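input-v3.txt (compact mmCIF, C-alpha atoms and all ligand atoms) appears below.
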```txt
# COMPACT_ATOMS: atom_id res chain seq x y z
CA MET R 1 -58.88 13.66 -61.74
CA SER R 2 -55.48 12.84 -63.09
CA VAL R 3 -52.11 14.36 -62.50
CA VAL R 4 -49.37 14.30 -65.06
CA LEU R 5 -45.85 14.16 -63.76
CA VAL R 6 -43.44 16.00 -66.00
CA GLU R 7 -39.73 15.46 -65.54
CA ASP R 8 -37.67 18.55 -66.05
CA PRO R 9 -33.93 17.95 -65.64
CA ASP R 10 -33.24 21.66 -65.95
CA LEU R 11 -35.58 22.63 -63.17
CA VAL R 12 -33.85 24.25 -60.23
CA PRO R 13 -36.17 24.30 -57.23
CA LEU R 14 -36.22 27.33 -54.99
CA CYS R 15 -36.06 27.08 -51.26
CA PRO R 16 -39.47 28.13 -49.93
CA HIS R 17 -37.80 29.68 -46.92
CA CYS R 18 -34.91 31.77 -48.22
CA GLY R 19 -35.82 31.80 -51.90
CA ARG R 20 -32.41 30.73 -53.11
CA GLU R 21 -31.85 28.11 -55.78
CA LEU R 22 -31.54 24.62 -54.42
CA SER R 23 -28.64 23.26 -56.41
CA GLU R 24 -28.25 20.75 -53.64
CA ILE R 25 -30.26 19.47 -50.73
CA VAL R 26 -28.85 18.24 -47.46
CA ALA R 27 -30.34 15.34 -45.57
CA THR R 28 -29.98 14.10 -42.05
CA ILE R 29 -31.40 11.19 -40.12
CA PRO R 30 -32.27 12.36 -36.62
CA ALA R 31 -31.82 9.83 -33.83
CA ALA R 32 -35.01 8.45 -32.46
CA SER R 33 -35.73 9.50 -28.93
CA GLY R 34 -38.42 9.32 -26.33
CA SER R 35 -41.87 8.38 -27.45
CA SER R 36 -42.35 4.91 -28.85
CA LYS R 37 -44.28 6.15 -31.83
CA PHE R 38 -41.06 7.51 -33.27
CA LYS R 39 -39.19 4.25 -33.06
CA PHE R 40 -40.42 2.78 -36.31
CA GLY R 41 -38.66 3.39 -39.54
CA LYS R 42 -35.89 5.74 -40.40
CA ARG R 43 -36.89 9.30 -40.88
CA THR R 44 -34.85 11.48 -43.13
CA VAL R 45 -35.09 15.22 -42.89
CA TYR R 46 -34.25 17.20 -45.99
CA ALA R 47 -33.08 20.74 -45.60
CA CYS R 48 -31.84 23.73 -47.53
CA PRO R 49 -28.04 23.85 -47.26
CA MET R 50 -28.07 27.64 -47.11
CA CYS R 51 -30.69 28.49 -44.49
CA ARG R 52 -30.91 24.94 -43.04
CA LYS R 53 -34.66 25.08 -42.76
CA ALA R 54 -36.36 21.76 -43.31
CA LEU R 55 -37.93 21.15 -46.69
CA GLY R 56 -39.58 17.89 -45.86
CA VAL R 57 -39.45 14.61 -44.03
CA SER R 58 -39.36 11.17 -45.52
CA GLU R 59 -39.97 7.95 -43.65
CA ARG R 60 -38.54 5.66 -46.24
CA LYS R 61 -35.44 5.33 -48.30
CA GLY R 62 -35.32 6.46 -51.86
CA PHE R 63 -37.78 9.28 -51.46
CA TRP R 64 -36.17 11.41 -54.13
CA ALA R 65 -35.71 8.50 -56.48
CA GLY R 66 -39.40 7.73 -56.28
ZN ZN W 1 -33.21 28.09 -47.78
```

Please rewrite the model in this file as structure tokens.
Ligand SMILES: [Zn+2]
Amino acid sequence: MSVVLVEDPDLVPLCPHCGRELSEIVATIPAASGSSKFKFGKRTVYACPMCRKALGVSERKGFWAG
């Protein structure tokens, strides 16, 4: 099985939560707290700027840049 990645610069993703166009995405890095298993790496949470619901979590830098 192979997957072809197609770049589409005109693609405007829709927020899966509120359905609005994601012309921008906000990101935050929550402070680590409590359990030791959360101490490793920086987690970045991406969210819709309009409804603020999380779109995804990345544990490394440059997630969107590949
Ligand atoms: Zn939204």

Which polymer residues have any atom within 6 Å of an atom of region 43-49 of chain R, counting all atoms listed in the file, with same-chain residues fewer than 4 positions away left out, as a PyMOL selection string?
chain R and resi 25-29+53-59

List every residue of chain R that has an atom at most 8 Å from any atom of ligand ZN 1 (chain W), and for each one report the closest atom pair and its distance in Å to one decimal, counting only C-alpha atoms and all ligand atoms, with rows sorted by chain and then by increasing residue number, as a Markdown table.
```
| residue | atom | partner | partner_atom | distance |
| --- | --- | --- | --- | --- |
| R:Leu14 | CA | W:ZN1 | ZN | 7.8 |
| R:Cys15 | CA | W:ZN1 | ZN | 4.6 |
| R:Pro16 | CA | W:ZN1 | ZN | 6.6 |
| R:His17 | CA | W:ZN1 | ZN | 4.9 |
| R:Cys18 | CA | W:ZN1 | ZN | 4.1 |
| R:Gly19 | CA | W:ZN1 | ZN | 6.1 |
| R:Arg20 | CA | W:ZN1 | ZN | 6.0 |
| R:Leu22 | CA | W:ZN1 | ZN | 7.7 |
| R:Ala47 | CA | W:ZN1 | ZN | 7.7 |
| R:Cys48 | CA | W:ZN1 | ZN | 4.6 |
| R:Pro49 | CA | W:ZN1 | ZN | 6.7 |
| R:Met50 | CA | W:ZN1 | ZN | 5.2 |
| R:Cys51 | CA | W:ZN1 | ZN | 4.2 |
| R:Arg52 | CA | W:ZN1 | ZN | 6.1 |
| R:Lys53 | CA | W:ZN1 | ZN | 6.0 |
```

Nearby residues (only C-alpha atoms) at most 12 Å from Leu11 (chain R), same-chain spacing under 3 positions excluded, as a list in words:
Val6, Glu7, Asp8, Leu14, Glu21, Leu22 and Ser23 of chain R
